[in-house]
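So this block is entry_12.tsv, TSV, C-alpha atoms:
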chain	number	residue	atom	x	y	z
R	1	MET	CA	0.00	0.00	0.00
R	2	ALA	CA	1.40	3.38	-0.97
R	3	ILE	CA	2.39	5.83	1.74
R	4	ILE	CA	-0.47	8.35	2.09
R	5	TYR	CA	1.68	11.41	1.65
R	6	SER	CA	2.83	10.04	-1.69
R	7	TYR	CA	-0.54	10.89	-3.20
R	8	PRO	CA	-0.94	14.31	-4.91
R	9	TYR	CA	-2.73	17.17	-3.03
R	10	VAL	CA	-5.93	18.48	-4.65
R	11	SER	CA	-8.83	20.71	-3.59
R	12	PRO	CA	-11.97	18.57	-3.30
R	13	SER	CA	-15.35	19.46	-4.84
R	14	LEU	CA	-18.79	18.60	-3.49
R	15	GLU	CA	-19.07	15.76	-6.00
R	16	ASP	CA	-15.84	14.03	-4.74
R	17	TYR	CA	-15.72	11.14	-2.26
R	18	VAL	CA	-13.53	10.19	0.68
R	19	ILE	CA	-12.95	6.77	2.25
R	20	GLY	CA	-13.98	6.27	5.85
R	21	SER	CA	-15.34	3.78	8.36
R	22	GLN	CA	-18.97	3.73	9.38
R	23	MET	CA	-19.44	2.83	13.04
R	24	TYR	CA	-21.86	0.10	13.99
R	25	SER	CA	-22.08	-1.12	10.42
R	26	ASP	CA	-22.64	-4.80	9.65
R	27	GLY	CA	-20.16	-6.31	7.29
R	28	ASN	CA	-17.42	-4.15	5.80
R	29	PRO	CA	-17.25	-0.81	7.74
R	30	THR	CA	-15.19	0.87	5.04
R	31	LYS	CA	-17.40	3.24	3.10
R	32	LEU	CA	-17.28	6.06	0.54
R	33	PHE	CA	-18.61	9.38	1.83
R	34	SER	CA	-19.38	12.28	-0.55
R	35	ILE	CA	-18.00	15.68	0.32
R	36	GLN	CA	-21.57	17.06	0.01
R	37	SER	CA	-22.84	14.62	2.64
R	38	LEU	CA	-20.12	15.64	5.07
R	39	VAL	CA	-20.93	19.36	4.55
R	40	ASP	CA	-24.63	18.70	5.13
R	41	LEU	CA	-23.91	16.65	8.26
R	42	THR	CA	-21.66	19.35	9.68
R	43	SER	CA	-24.19	22.14	8.99
R	44	ALA	CA	-27.00	20.18	10.65
R	45	ASN	CA	-25.11	19.46	13.89
R	46	ILE	CA	-23.21	22.70	14.59
R	47	PRO	CA	-25.45	24.92	16.76
R	48	THR	CA	-26.16	28.50	15.70
R	49	GLY	CA	-24.24	31.02	17.74
R	50	PRO	CA	-25.94	33.91	19.58
R	51	GLN	CA	-26.92	36.95	17.51
R	52	GLY	CA	-24.42	39.75	17.76
R	53	PRO	CA	-25.40	43.17	19.11
R	54	GLN	CA	-26.97	45.69	16.71
R	55	GLY	CA	-24.55	48.21	15.35
R	56	ALA	CA	-24.80	51.87	16.38
R	57	GLN	CA	-27.13	54.06	14.30
R	58	GLY	CA	-25.39	56.43	11.94
R	59	ILE	CA	-25.43	60.19	12.61
R	60	GLN	CA	-28.22	62.04	10.78
R	61	GLY	CA	-27.01	64.66	8.34
R	62	ALA	CA	-27.61	68.33	9.15
R	63	GLN	CA	-30.71	69.96	7.61
R	64	GLY	CA	-29.98	72.45	4.85
R	65	ILE	CA	-30.54	76.17	5.43
R	66	GLN	CA	-33.96	77.43	4.26
R	67	GLY	CA	-33.79	79.87	1.39
R	68	ILE	CA	-34.72	83.52	1.88
R	69	GLN	CA	-38.37	84.30	1.17
R	70	GLY	CA	-38.90	86.59	-1.80
R	71	VAL	CA	-40.17	90.13	-1.32
R	72	GLN	CA	-43.88	90.52	-1.94
R	73	GLY	CA	-44.67	92.70	-4.93
R	74	PRO	CA	-46.51	95.95	-4.43
R	75	ALA	CA	-50.25	95.96	-4.69
R	76	GLY	CA	-51.63	97.45	-7.88
R	77	LEU	CA	-53.38	100.82	-7.82
R	78	THR	CA	-57.18	100.84	-7.85
R	79	GLY	CA	-58.69	103.01	-10.55
R	80	LEU	CA	-61.96	104.62	-9.44
R	81	TYR	CA	-62.92	107.01	-12.26
R	82	ALA	CA	-61.71	107.99	-15.73
R	83	GLN	CA	-63.17	110.87	-17.77
R	84	THR	CA	-64.02	109.86	-21.34
R	85	ALA	CA	-65.27	113.19	-22.77
R	86	ASN	CA	-64.48	116.86	-22.21
R	87	GLY	CA	-65.74	118.53	-19.04
R	88	GLY	CA	-67.22	122.03	-19.34
R	89	PRO	CA	-66.44	124.42	-20.80
R	90	VAL	CA	-67.10	126.89	-17.97
R	91	THR	CA	-67.52	130.03	-20.08
R	92	ALA	CA	-68.85	133.60	-19.53
R	93	THR	CA	-70.39	132.85	-16.14
R	94	ILE	CA	-69.80	133.79	-12.54
R	95	VAL	CA	-71.59	130.65	-11.30
R	96	GLU	CA	-69.42	128.05	-9.57
R	97	THR	CA	-69.50	125.11	-12.03
R	98	THR	CA	-68.05	121.61	-12.06
R	99	ILE	CA	-65.22	120.94	-14.51
R	100	ILE	CA	-65.34	117.12	-14.34
R	101	GLY	CA	-66.66	115.51	-17.53
R	102	PRO	CA	-68.58	112.26	-18.08
R	103	GLY	CA	-66.66	109.02	-17.69
R	104	VAL	CA	-66.55	105.48	-16.33
R	105	GLY	CA	-66.28	104.36	-12.72
R	106	THR	CA	-67.45	106.25	-9.66
R	107	LEU	CA	-66.69	109.50	-7.83
R	108	THR	CA	-68.59	108.36	-4.73
R	109	VAL	CA	-67.45	106.59	-1.57
R	110	PRO	CA	-70.56	105.22	0.17
R	111	ALA	CA	-71.49	105.91	3.78
R	112	ASN	CA	-69.05	104.23	6.19
R	113	GLY	CA	-66.95	103.13	3.20
R	114	PHE	CA	-63.77	104.93	4.31
R	115	GLN	CA	-61.04	103.45	6.49
R	116	ILE	CA	-58.35	105.37	8.37
R	117	GLY	CA	-55.38	105.86	6.04
R	118	ASP	CA	-57.37	105.61	2.82
R	119	SER	CA	-55.51	107.81	0.33
R	120	PHE	CA	-56.51	109.02	-3.12
R	121	ALA	CA	-55.01	110.98	-6.00
R	122	CYS	CA	-56.67	112.72	-8.90
R	123	ALA	CA	-55.34	114.59	-11.90
R	124	LEU	CA	-57.03	116.98	-14.33
R	125	ASP	CA	-55.81	118.86	-17.35
R	126	GLY	CA	-57.28	120.88	-20.19
R	127	LEU	CA	-57.28	124.25	-21.96
R	128	ILE	CA	-57.86	127.76	-20.60
R	129	THR	CA	-58.49	131.19	-22.12
R	130	CYS	CA	-58.98	134.37	-20.11
R	131	VAL	CA	-58.62	138.15	-20.24
R	132	GLY	CA	-55.97	139.99	-18.26
R	133	THR	CA	-58.47	141.24	-15.66
R	134	ALA	CA	-59.92	137.81	-14.90
R	135	THR	CA	-59.80	136.00	-11.59
R	136	LEU	CA	-60.38	132.27	-11.15
R	137	HIS	CA	-61.43	130.41	-8.01
R	138	VAL	CA	-60.80	126.63	-7.90
R	139	ARG	CA	-62.61	124.58	-5.24
R	140	VAL	CA	-62.63	120.88	-4.42
R	141	ARG	CA	-65.82	119.83	-2.66
R	142	THR	CA	-68.13	116.95	-1.95
R	143	LEU	CA	-71.51	116.97	-3.66
R	144	ALA	CA	-73.02	117.87	-0.27
R	145	GLY	CA	-70.94	121.07	-0.29
R	146	VAL	CA	-68.17	120.11	2.16
R	147	LEU	CA	-65.02	122.03	1.18
R	148	LEU	CA	-61.91	119.83	0.82
R	149	ALA	CA	-59.44	122.23	-0.84
R	150	ASP	CA	-59.48	125.80	-2.15
R	151	THR	CA	-57.03	127.95	-4.13
R	152	GLY	CA	-58.65	131.18	-3.10
R	153	ILE	CA	-59.13	133.86	-5.76
R	154	ILE	CA	-56.33	133.72	-8.34
R	155	SER	CA	-55.51	136.85	-10.36
R	156	MET	CA	-54.97	135.51	-13.87
R	157	GLU	CA	-52.68	136.66	-16.66
R	158	ALA	CA	-53.99	137.00	-20.22
R	159	THR	CA	-54.07	133.50	-21.66
R	160	THR	CA	-55.28	132.14	-24.99
R	161	ASN	CA	-55.96	128.45	-25.41
R	162	LYS	CA	-53.13	127.41	-23.07
R	163	SER	CA	-52.68	124.24	-21.03
R	164	TRP	CA	-53.59	123.91	-17.35
R	165	LEU	CA	-53.51	121.06	-14.85
R	166	ILE	CA	-54.43	120.12	-11.29
R	167	ASN	CA	-52.93	117.38	-9.12
R	168	LEU	CA	-54.81	116.57	-5.90
R	169	TYR	CA	-54.22	114.22	-2.96
R	170	PHE	CA	-56.50	113.15	-0.09
R	171	THR	CA	-55.95	111.07	3.07
R	172	ILE	CA	-58.55	110.02	5.64
R	173	ARG	CA	-57.25	110.69	9.15
R	174	THR	CA	-60.20	109.87	11.40
R	175	LEU	CA	-63.69	108.44	10.91
R	176	GLY	CA	-67.07	109.58	12.15
R	177	GLU	CA	-69.60	112.35	11.88
R	178	ALA	CA	-68.83	116.03	11.34
R	179	GLY	CA	-66.58	117.31	14.10
R	180	VAL	CA	-64.99	113.87	14.57
R	181	ALA	CA	-63.95	112.81	11.08
R	182	SER	CA	-61.02	114.52	9.37
R	183	ILE	CA	-59.48	114.55	5.90
R	184	SER	CA	-56.23	116.15	4.72
R	185	SER	CA	-56.27	117.47	1.15
R	186	GLY	CA	-53.62	119.15	-0.97
R	187	GLY	CA	-52.46	119.71	-4.48
R	188	LEU	CA	-51.37	122.15	-7.16
R	189	PHE	CA	-53.17	124.15	-9.84
R	190	SER	CA	-51.02	125.56	-12.63
R	191	TYR	CA	-51.37	127.08	-16.11
R	192	ILE	CA	-49.32	128.75	-18.85
R	193	LYS	CA	-49.85	132.44	-19.66
R	194	ASN	CA	-49.41	134.10	-23.06
R	195	SER	CA	-46.22	135.97	-22.17
R	196	GLY	CA	-44.21	132.92	-21.16
R	197	THR	CA	-43.75	129.17	-21.25
R	198	ASN	CA	-43.41	128.59	-17.50
R	199	PHE	CA	-46.27	127.27	-15.42
R	200	GLU	CA	-47.90	129.68	-12.98
R	201	GLY	CA	-48.62	127.57	-9.88
R	202	TYR	CA	-51.00	127.82	-6.92
R	203	VAL	CA	-50.82	125.40	-3.99
R	204	LEU	CA	-53.86	123.91	-2.26
R	205	SER	CA	-53.56	122.53	1.30
R	206	THR	CA	-56.47	122.05	3.72
R	207	LEU	CA	-57.28	119.97	6.81
R	208	ASN	CA	-61.03	119.61	7.30
R	209	ASN	CA	-61.91	118.28	10.76
R	210	THR	CA	-65.12	120.25	11.25
R	211	THR	CA	-67.59	119.53	8.43
R	212	PHE	CA	-66.30	116.32	6.82
R	213	ASN	CA	-68.48	113.27	7.60
R	214	THR	CA	-67.63	109.62	6.75
R	215	THR	CA	-71.05	108.28	7.83
R	216	ILE	CA	-72.71	109.66	4.68
R	217	ASP	CA	-72.05	109.28	0.95
R	218	ASN	CA	-69.18	111.46	-0.29
R	219	THR	CA	-69.02	112.38	-3.99
R	220	LEU	CA	-66.04	114.34	-5.34
R	221	VAL	CA	-66.63	117.61	-7.20
R	222	VAL	CA	-64.05	120.04	-8.69
R	223	THR	CA	-65.40	123.47	-9.61
R	224	MET	CA	-64.24	126.63	-11.40
R	225	GLN	CA	-65.63	130.15	-10.89
R	226	TRP	CA	-64.86	133.32	-12.90
R	227	ASN	CA	-65.28	136.85	-11.59
R	228	THR	CA	-67.06	138.20	-14.71
R	229	THR	CA	-69.33	137.00	-17.46
R	230	SER	CA	-66.80	137.95	-20.16
R	231	ALA	CA	-66.89	135.63	-23.15
R	232	GLY	CA	-63.08	135.79	-23.05
R	233	ASN	CA	-63.02	133.63	-19.92
R	234	SER	CA	-63.31	129.93	-20.63
R	235	ILE	CA	-61.88	126.68	-19.21
R	236	LEU	CA	-62.48	123.04	-20.08
R	237	SER	CA	-61.02	119.70	-18.96
R	238	ARG	CA	-59.80	116.98	-21.29
R	239	ASN	CA	-58.60	114.36	-18.83
R	240	PHE	CA	-59.55	113.47	-15.27
R	241	THR	CA	-58.63	110.32	-13.32
R	242	LEU	CA	-59.28	109.33	-9.71
R	243	THR	CA	-57.14	106.59	-8.17
R	244	LYS	CA	-56.96	104.94	-4.73
R	245	LEU	CA	-53.35	104.89	-3.55
R	246	TYR	CA	-53.72	103.12	-0.17
Whole structure given in structure tokens:
Amino acid sequence: MAIIYSYPYVSPSLEDYVIGSQMYSDGNPTKLFSIQSLVDLTSANIPTGPQGPQGAQGIQGAQGIQGIQGVQGPAGLTGLYAQTANGGPVTATIVETTIIGPGVGTLTVPANGFQIGDSFACALDGLITCVGTATLHVRVRTLAGVLLADTGIISMEATTNKSWLINLYFTIRTLGEAGVASISSGGLFSYIKNSGTNFEGYVLSTLNNTTFNTTIDNTLVVTMQWNTTSAGNSILSRNFTLTKLY
């Protein structure tokens, strides 16, 4: 019989066999055992070891920084009234007469419709003709007659078919009946005279805290008044807009 170490060394596969002795076997105890059977026998009889401890939980990543919120855009202006045809003309009369023409929208804020801080702007422009001895009085009122702004009597220069304009602003300060409510009004009336190209300007600025009343309807009126009935005194408006600013 050859010496065992004289055989070549090889790596067995599961399909190979080894020679061994089977205990308690009748007859010849020498047997062939497959490698697969030995692996299965070993796996079935080696007890499962205890489960190892759970590994530590990983550290949670830091939350990213929230982006900066964008700036809210400004609210759009609210158009209230736009004149669509000429107003006037106020010609050859000493009667106080409105200069606002027909249009779309409304000139009225209903009773209790104001809030503190409500602010409005209006703009008018047109053409004016007057003699050198004329005076003009511009008033801004409510339809009920409450005076909001007043230029006083303006001594006019001779003017023939020249441009004029008015810019007006209003802010509600307090609410209530007459004596409690208040409104601040201001603006500028200007025109061009024949002997120059510069605007002649007259400032309006009034605080009414005595007769203004927010508990009733308030309708805006802008009037013109001449001092004589001369046919050479005439004013008309081409454009008028009323806008809510706040």
| field | Counting only C-alpha atoms, the residue of R:Lys193, R:Arg173, R:Arg139, R:Arg238 that sits nearest Ser205 of chain R | value | R:Arg139
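We find atom CA of Asn233 of chain R and atom CA of Thr98 of chain R to be spaced 15.2 Å apart.
Proximity ranking of R:Thr211, R:Thr223, R:Thr129, R:Gln51 relative to Ile192 of chain R places R:Thr129 first, based on only C-alpha atoms.
Here atom CA of Ala92 of chain R and atom CA of Val203 of chain R stand 25.2 Å from one another.
Within 6 Å of Ile166 of chain R, once all atoms listed in the file are used and residues closer than 3 positions along the same chain are dropped, the contacting residues are Ala123, Leu124, Leu188 and Phe189 of chain R.
Minimum atom-to-atom distance to Thr78 of chain R, evaluated using only C-alpha atoms, belongs to R:Ser119 out of R:Gln63, R:Ser119, R:Ser185, R:Asn208.
Of note, atom CA of Val221 of chain R and atom CA of Ile100 of chain R are spaced 7.3 Å apart.
Minimum atom-to-atom distances from R:Ser155, R:Thr214, R:Gln115, R:Ser190 to Glu177 of chain R were compared using only C-alpha atoms, and the lowest value belongs to R:Thr214.
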| request: Have a look at R:Leu127, R:Leu136, R:Leu168, R:Leu245 and name the one nearest to Gly88 of chain R; count all atoms listed in the file. | output: R:Leu127
| task | Using only C-alpha atoms, find the one residue out of R:Leu204, R:Leu236, R:Val180, R:Val109 that sits nearest to Ser163 of chain R. | result | R:Leu236
| query | In file coordinates, which residues lie within 12 Å of (-59.2, 113.1, -10.9) using all atoms listed in the file, given as a PyMOL selection string? | reply | chain R and resi 79-84+87+99-107+120-125+140+165-170+187+220-222+237-244
| task | For Asn112 of chain R, please output as an MDAnalysis selection string all residues within 9 Å (counting all atoms listed in the file; exclusion window: fewer than 2 positions along the same chain). | result | chainID R and resid 109:110 114:115 175:176 214:217
As AutoDock Vina command-line options: centre and edge lengths in Å, one decimal, of the axis-aligned box holding segment 226-233 of chain R with 3 Å per side:
--center_x -66.2 --center_y 135.8 --center_z -17.4 --size_x 12.3 --size_y 10.9 --size_z 17.6
| message | I'd like the neighbourhood of Leu14 of chain R as a list in words, where a residue qualifies if any of its atoms comes within 8 Å (using all atoms listed in the file), though same-chain residues fewer than 5 positions away should be ignored. | response | Ser34, Ile35 and Gln36 of chain R
Could you save those same residues with C-alpha atoms as a short mmCIF file (atom, residue, chain, number, x, y, z; two decimals), in the coordinates of the input?
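Final output, saved to part21.cif:
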data_model
loop_
_atom_site.label_atom_id
_atom_site.label_comp_id
_atom_site.auth_asym_id
_atom_site.auth_seq_id
_atom_site.Cartn_x
_atom_site.Cartn_y
_atom_site.Cartn_z
CA SER R 34 -19.38 12.28 -0.55
CA ILE R 35 -18.00 15.68 0.32
CA GLN R 36 -21.57 17.06 0.01
#
